[in-house]
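Asks: There's a structure below that I have some questions on.
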Amino acid sequence: MEQNSGEEGRIPTVGVVVARTGRLARLGDPLAYVMELVAPKLRGRVRLVSRDSRSTAEGARRAVRELVRDEGARMVVTLAGTEVLPTVADSCEEAGVPCLSSTFPWQVYFYGRGATEERPFRWTYHFCWGLDDIAETFADLWEAAGAGPDRAVGCLWNDGPQGAWSRHTAHGFLPAARARGYRLVDPAGYREPSVGFDGQGGALAAFREAGVDVVTSAATGADLALFRRQAAAYGLRPRLITCSRWLAYPPAATAAGECAQADVGTLVYWTPDHPYRSSLDGMTAAELAEAYEHATGNRWLQPLGLAYALFEVASHALTTATDPTDPPSVAAALGATHLDTMAGPLDWTSGPVPNVATVPLSGGQWQRGRTHPYELVVVDPRDVPGLRAGGELVRLGGG
């Protein structure tokens, strides 16, 4: 995918690292679509060219190398996964090319790649919510569900990066949840894909012993479905499950015909109902979602708004930079950006740490829908001005 122009030599190029093959291809769909959508809007100002990350770290390194070496990219943008996004950012840091990314909790992006407030990155910039924001959002949902008197929350966390960062005593989910007065019950992390949670030392026994009636997780759909099936057989019936990561995507039935997300609470960062619009041409969130569904035949996805904002910020930085061909000038423009976008207001001048802008979260729940079996409903708008709740939180089993 490429935007052609007879004036390419004078128009700065933005390289797009997008997963078109491999396990992250679904996450790549919104970015690929938005690239095609905004290319005509940016024509004459920015040239867009992409490379497939192949959903791997090695593919990501190759993509950055080709975009910089072969296409002359002055900036690289990406939405990616646990291994791919840090690889893209690190490759750009090494190459001395500004990079902009999203859909990755900012603490993992910043501290996980070795930065500190005193020694931030030079070339790489990011916008997203934080692990503490997820904990705060979920804590609101736990309270709405009426968490038990001892406020015990079972943590269904894996033994990989998601689990490790959720447990981090300084920068993760853990300290924010504890600060809200919750007691977190965290058995040993499980290996993905899970083979079960009901063995000796497993989550089900630990949750029952601790009197857990709320469970939180970052599991895959398949693992969450397995947990729910085994919990029912075990007699463990939590009043609410909250889950992030892939569970923020539209549900898909498992091989057993289950819907892992049924009545599960999750984070909400972008919907057609968000009062956001494009800084490029005024397109609204609702119009973007409708255009995506019409063009692809698929349901809208939350990353659509963030994908669109990547190109808004990239265009803004390149057009406001003193010299769009000079990497330090472009990086300085990124760091000075304060822009209202399709993902909401993004401000790199007042982030929690250097090089980071934040995205506010709301609380949502997958409830039975009118058009689809389950639809994402905003049940707690929290701090998003102009966003309204679409329904009330329901406990598992409809209580």
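Here, A, B, ... name the chains of the structure tokens in the order displayed, residue numbers run from 1 inside each chain, and ligands are numbered from 1 in the same displayed order.
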What are the DSSP strand (DSSP E) residues of region 229-298 of chain A, as a PyMOL selection string?

Replies: chain A and resi 240-243+265-268

Asks: Quick one: write out the picked residues with N, CA and C atoms as a PDB file, in the first residue's frame?

Replies:
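Output file again.pdb is given in full below:
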```
ATOM      1  N   LEU A 240     -18.778 -10.620  38.889  1.00  0.00           N
ATOM      2  CA  LEU A 240     -18.290  -9.851  37.752  1.00  0.00           C
ATOM      3  C   LEU A 240     -16.895 -10.329  37.373  1.00  0.00           C
ATOM      4  N   ILE A 241     -16.621 -10.370  36.079  1.00  0.00           N
ATOM      5  CA  ILE A 241     -15.274 -10.573  35.548  1.00  0.00           C
ATOM      6  C   ILE A 241     -14.911  -9.342  34.728  1.00  0.00           C
ATOM      7  N   THR A 242     -13.737  -8.782  34.984  1.00  0.00           N
ATOM      8  CA  THR A 242     -13.227  -7.697  34.144  1.00  0.00           C
ATOM      9  C   THR A 242     -12.002  -8.210  33.402  1.00  0.00           C
ATOM     10  N   CYS A 243     -11.879  -7.798  32.158  1.00  0.00           N
ATOM     11  CA  CYS A 243     -10.780  -8.312  31.337  1.00  0.00           C
ATOM     12  C   CYS A 243     -10.385  -7.284  30.288  1.00  0.00           C
ATOM     13  N   GLY A 265     -16.860  -7.208  31.940  1.00  0.00           N
ATOM     14  CA  GLY A 265     -16.508  -5.800  31.925  1.00  0.00           C
ATOM     15  C   GLY A 265     -15.148  -5.594  31.287  1.00  0.00           C
ATOM     16  N   THR A 266     -14.973  -4.484  30.597  1.00  0.00           N
ATOM     17  CA  THR A 266     -13.706  -4.227  29.922  1.00  0.00           C
ATOM     18  C   THR A 266     -13.452  -2.732  29.839  1.00  0.00           C
ATOM     19  N   LEU A 267     -12.293  -2.375  29.329  1.00  0.00           N
ATOM     20  CA  LEU A 267     -11.952  -0.964  29.162  1.00  0.00           C
ATOM     21  C   LEU A 267     -12.512  -0.448  27.836  1.00  0.00           C
ATOM     22  N   VAL A 268     -12.869   0.809  27.823  1.00  0.00           N
ATOM     23  CA  VAL A 268     -13.390   1.456  26.618  1.00  0.00           C
ATOM     24  C   VAL A 268     -12.577   2.723  26.374  1.00  0.00           C
TER      25      VAL A 268
END
```

Asks: Dump as a tab-separated table the rows for residues of region 138-231 of chain A within 10 Å of region 80-89 of chain A: closest atom pair and distance in Å with one decimal, only C-alpha atoms counted, ordered by chain and rising residue number.

Replies:
```
residue	atom	partner	partner_atom	distance
A:Gly160	CA	A:Thr82	CA	10.0
A:Pro161	CA	A:Thr82	CA	7.6
A:Gln162	CA	A:Thr82	CA	8.4
```

Asks: Take the residues just selected and output them with N, CA and C atoms as a CSV table (one decimal), in the first residue's frame.

Replies:
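Saved to selection_35.csv:
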```
chain,number,residue,atom,x,y,z
A,160,GLY,N,3.5,-14.4,31.5
A,160,GLY,CA,4.2,-13.7,30.5
A,160,GLY,C,4.2,-12.2,30.8
A,161,PRO,N,4.5,-11.4,29.8
A,161,PRO,CA,4.7,-9.9,30.0
A,161,PRO,C,3.4,-9.3,30.6
A,162,GLN,N,2.2,-9.7,30.1
A,162,GLN,CA,1.0,-9.1,30.7
A,162,GLN,C,0.9,-9.3,32.2
```

Asks: Would you please extract all helix (DSSP H, G or I) residues from region 197-358 of chain A, as assigned by DSSP on the backbone, and give them as a PyMOL selection string?

Replies: chain A and resi 203-210+221-234+245-248+285-296+303-320+327-335

Asks: Find the spatial neighbours of Leu48 (chain A), counting only C-alpha atoms, within a cut-off of 12 Å - ignore same-chain residues fewer than 6 positions away - and output them as a ChimeraX atom specification.

Replies: /A:1-5,8,11-17,32,34-42,67,71-77,311,314-315

Asks: Those residues with N, CA and C atoms, as an mmCIF file, in the first residue's frame please?

Replies:
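Below is the file that was written, part00.cif:
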```cif
data_model
loop_
_atom_site.group_PDB
_atom_site.id
_atom_site.type_symbol
_atom_site.label_atom_id
_atom_site.label_comp_id
_atom_site.auth_asym_id
_atom_site.auth_seq_id
_atom_site.Cartn_x
_atom_site.Cartn_y
_atom_site.Cartn_z
ATOM 1 N N MET A 1 0.849 -1.185 0.000
ATOM 2 C CA MET A 1 0.000 0.000 0.000
ATOM 3 C C MET A 1 0.885 1.236 0.000
ATOM 4 N N GLU A 2 0.611 2.145 -0.917
ATOM 5 C CA GLU A 2 1.482 3.308 -1.008
ATOM 6 C C GLU A 2 0.728 4.459 -1.640
ATOM 7 N N GLN A 3 1.001 5.627 -1.171
ATOM 8 C CA GLN A 3 0.476 6.848 -1.776
ATOM 9 C C GLN A 3 1.515 7.357 -2.755
ATOM 10 N N ASN A 4 1.140 7.468 -4.020
ATOM 11 C CA ASN A 4 2.066 7.937 -5.052
ATOM 12 C C ASN A 4 1.907 9.431 -5.265
ATOM 13 N N SER A 5 2.983 10.075 -5.606
ATOM 14 C CA SER A 5 2.944 11.514 -5.872
ATOM 15 C C SER A 5 4.112 11.880 -6.762
ATOM 16 N N GLU A 8 7.240 13.436 -4.772
ATOM 17 C CA GLU A 8 7.691 12.654 -3.630
ATOM 18 C C GLU A 8 8.987 13.172 -3.048
ATOM 19 N N ILE A 11 8.046 15.859 -0.524
ATOM 20 C CA ILE A 11 7.001 15.544 0.446
ATOM 21 C C ILE A 11 7.541 14.514 1.428
ATOM 22 N N PRO A 12 7.501 14.793 2.734
ATOM 23 C CA PRO A 12 8.046 13.834 3.702
ATOM 24 C C PRO A 12 7.247 12.530 3.708
ATOM 25 N N THR A 13 7.960 11.444 3.902
ATOM 26 C CA THR A 13 7.357 10.112 3.908
ATOM 27 C C THR A 13 7.148 9.626 5.336
ATOM 28 N N VAL A 14 5.961 9.097 5.586
ATOM 29 C CA VAL A 14 5.655 8.426 6.849
ATOM 30 C C VAL A 14 5.578 6.934 6.570
ATOM 31 N N GLY A 15 6.410 6.167 7.239
ATOM 32 C CA GLY A 15 6.377 4.720 7.112
ATOM 33 C C GLY A 15 5.411 4.115 8.106
ATOM 34 N N VAL A 16 4.640 3.146 7.656
ATOM 35 C CA VAL A 16 3.628 2.510 8.494
ATOM 36 C C VAL A 16 3.995 1.035 8.661
ATOM 37 N N VAL A 17 4.252 0.620 9.885
ATOM 38 C CA VAL A 17 4.486 -0.794 10.172
ATOM 39 C C VAL A 17 3.152 -1.383 10.611
ATOM 40 N N ALA A 32 -4.542 -0.559 8.579
ATOM 41 C CA ALA A 32 -4.493 -0.643 7.118
ATOM 42 C C ALA A 32 -5.656 0.118 6.496
ATOM 43 N N VAL A 34 -7.405 2.662 7.838
ATOM 44 C CA VAL A 34 -7.272 4.106 8.049
ATOM 45 C C VAL A 34 -6.208 4.688 7.147
ATOM 46 N N MET A 35 -5.141 3.954 6.891
ATOM 47 C CA MET A 35 -4.103 4.440 5.980
ATOM 48 C C MET A 35 -4.700 4.753 4.611
ATOM 49 N N GLU A 36 -5.513 3.836 4.097
ATOM 50 C CA GLU A 36 -6.153 4.063 2.801
ATOM 51 C C GLU A 36 -7.134 5.230 2.863
ATOM 52 N N LEU A 37 -7.813 5.369 4.003
ATOM 53 C CA LEU A 37 -8.812 6.428 4.145
ATOM 54 C C LEU A 37 -8.184 7.817 4.179
ATOM 55 N N VAL A 38 -7.077 7.961 4.913
ATOM 56 C CA VAL A 38 -6.509 9.300 5.094
ATOM 57 C C VAL A 38 -5.514 9.685 4.012
ATOM 58 N N ALA A 39 -5.040 8.722 3.224
ATOM 59 C CA ALA A 39 -4.038 9.042 2.202
ATOM 60 C C ALA A 39 -4.483 10.193 1.294
ATOM 61 N N PRO A 40 -5.721 10.180 0.765
ATOM 62 C CA PRO A 40 -6.133 11.315 -0.083
ATOM 63 C C PRO A 40 -6.196 12.636 0.686
ATOM 64 N N LYS A 41 -6.507 12.563 1.981
ATOM 65 C CA LYS A 41 -6.598 13.785 2.779
ATOM 66 C C LYS A 41 -5.218 14.387 3.031
ATOM 67 N N LEU A 42 -4.185 13.553 2.986
ATOM 68 C CA LEU A 42 -2.823 14.019 3.250
ATOM 69 C C LEU A 42 -2.025 14.276 1.983
ATOM 70 N N LEU A 67 11.696 0.644 5.462
ATOM 71 C CA LEU A 67 11.028 1.943 5.363
ATOM 72 C C LEU A 67 12.022 3.095 5.428
ATOM 73 N N GLU A 71 12.679 3.628 1.528
ATOM 74 C CA GLU A 71 11.604 4.597 1.274
ATOM 75 C C GLU A 71 11.901 5.987 1.805
ATOM 76 N N GLY A 72 12.983 6.133 2.553
ATOM 77 C CA GLY A 72 13.338 7.445 3.080
ATOM 78 C C GLY A 72 12.362 7.985 4.105
ATOM 79 N N ALA A 73 11.767 7.107 4.900
ATOM 80 C CA ALA A 73 10.768 7.534 5.884
ATOM 81 C C ALA A 73 11.375 8.519 6.882
ATOM 82 N N ARG A 74 10.672 9.631 7.100
ATOM 83 C CA ARG A 74 11.086 10.637 8.072
ATOM 84 C C ARG A 74 10.432 10.394 9.425
ATOM 85 N N MET A 75 9.422 9.505 9.440
ATOM 86 C CA MET A 75 8.748 9.127 10.663
ATOM 87 C C MET A 75 8.137 7.753 10.438
ATOM 88 N N VAL A 76 8.003 6.977 11.515
ATOM 89 C CA VAL A 76 7.366 5.669 11.450
ATOM 90 C C VAL A 76 6.230 5.640 12.453
ATOM 91 N N VAL A 77 5.080 5.065 12.069
ATOM 92 C CA VAL A 77 3.950 4.923 12.982
ATOM 93 C C VAL A 77 3.536 3.462 13.019
ATOM 94 N N PHE A 311 -2.098 9.195 12.261
ATOM 95 C CA PHE A 311 -1.837 9.974 11.050
ATOM 96 C C PHE A 311 -2.109 11.461 11.271
ATOM 97 N N ALA A 314 1.041 12.615 13.133
ATOM 98 C CA ALA A 314 2.183 12.593 12.222
ATOM 99 C C ALA A 314 2.133 13.771 11.261
ATOM 100 N N SER A 315 0.966 14.006 10.681
ATOM 101 C CA SER A 315 0.816 15.131 9.754
ATOM 102 C C SER A 315 1.065 16.462 10.464
#
```

Asks: Need to verify the contact set: Pro381 (chain A), 8 Å, only C-alpha atoms, exclusion of same-chain residues closer than 4 positions in sequence. Can you return it as a ChimeraX atom specification?

Replies: /A:361-363,387-389

Asks: May I ask which of the residues A:Ala286, A:Ala332, A:Arg239, A:His294 is the closest one to Val394 (chain A), counting only C-alpha atoms?

Replies: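 Selected residue with least distance to Val394 (chain A): A:Arg239.
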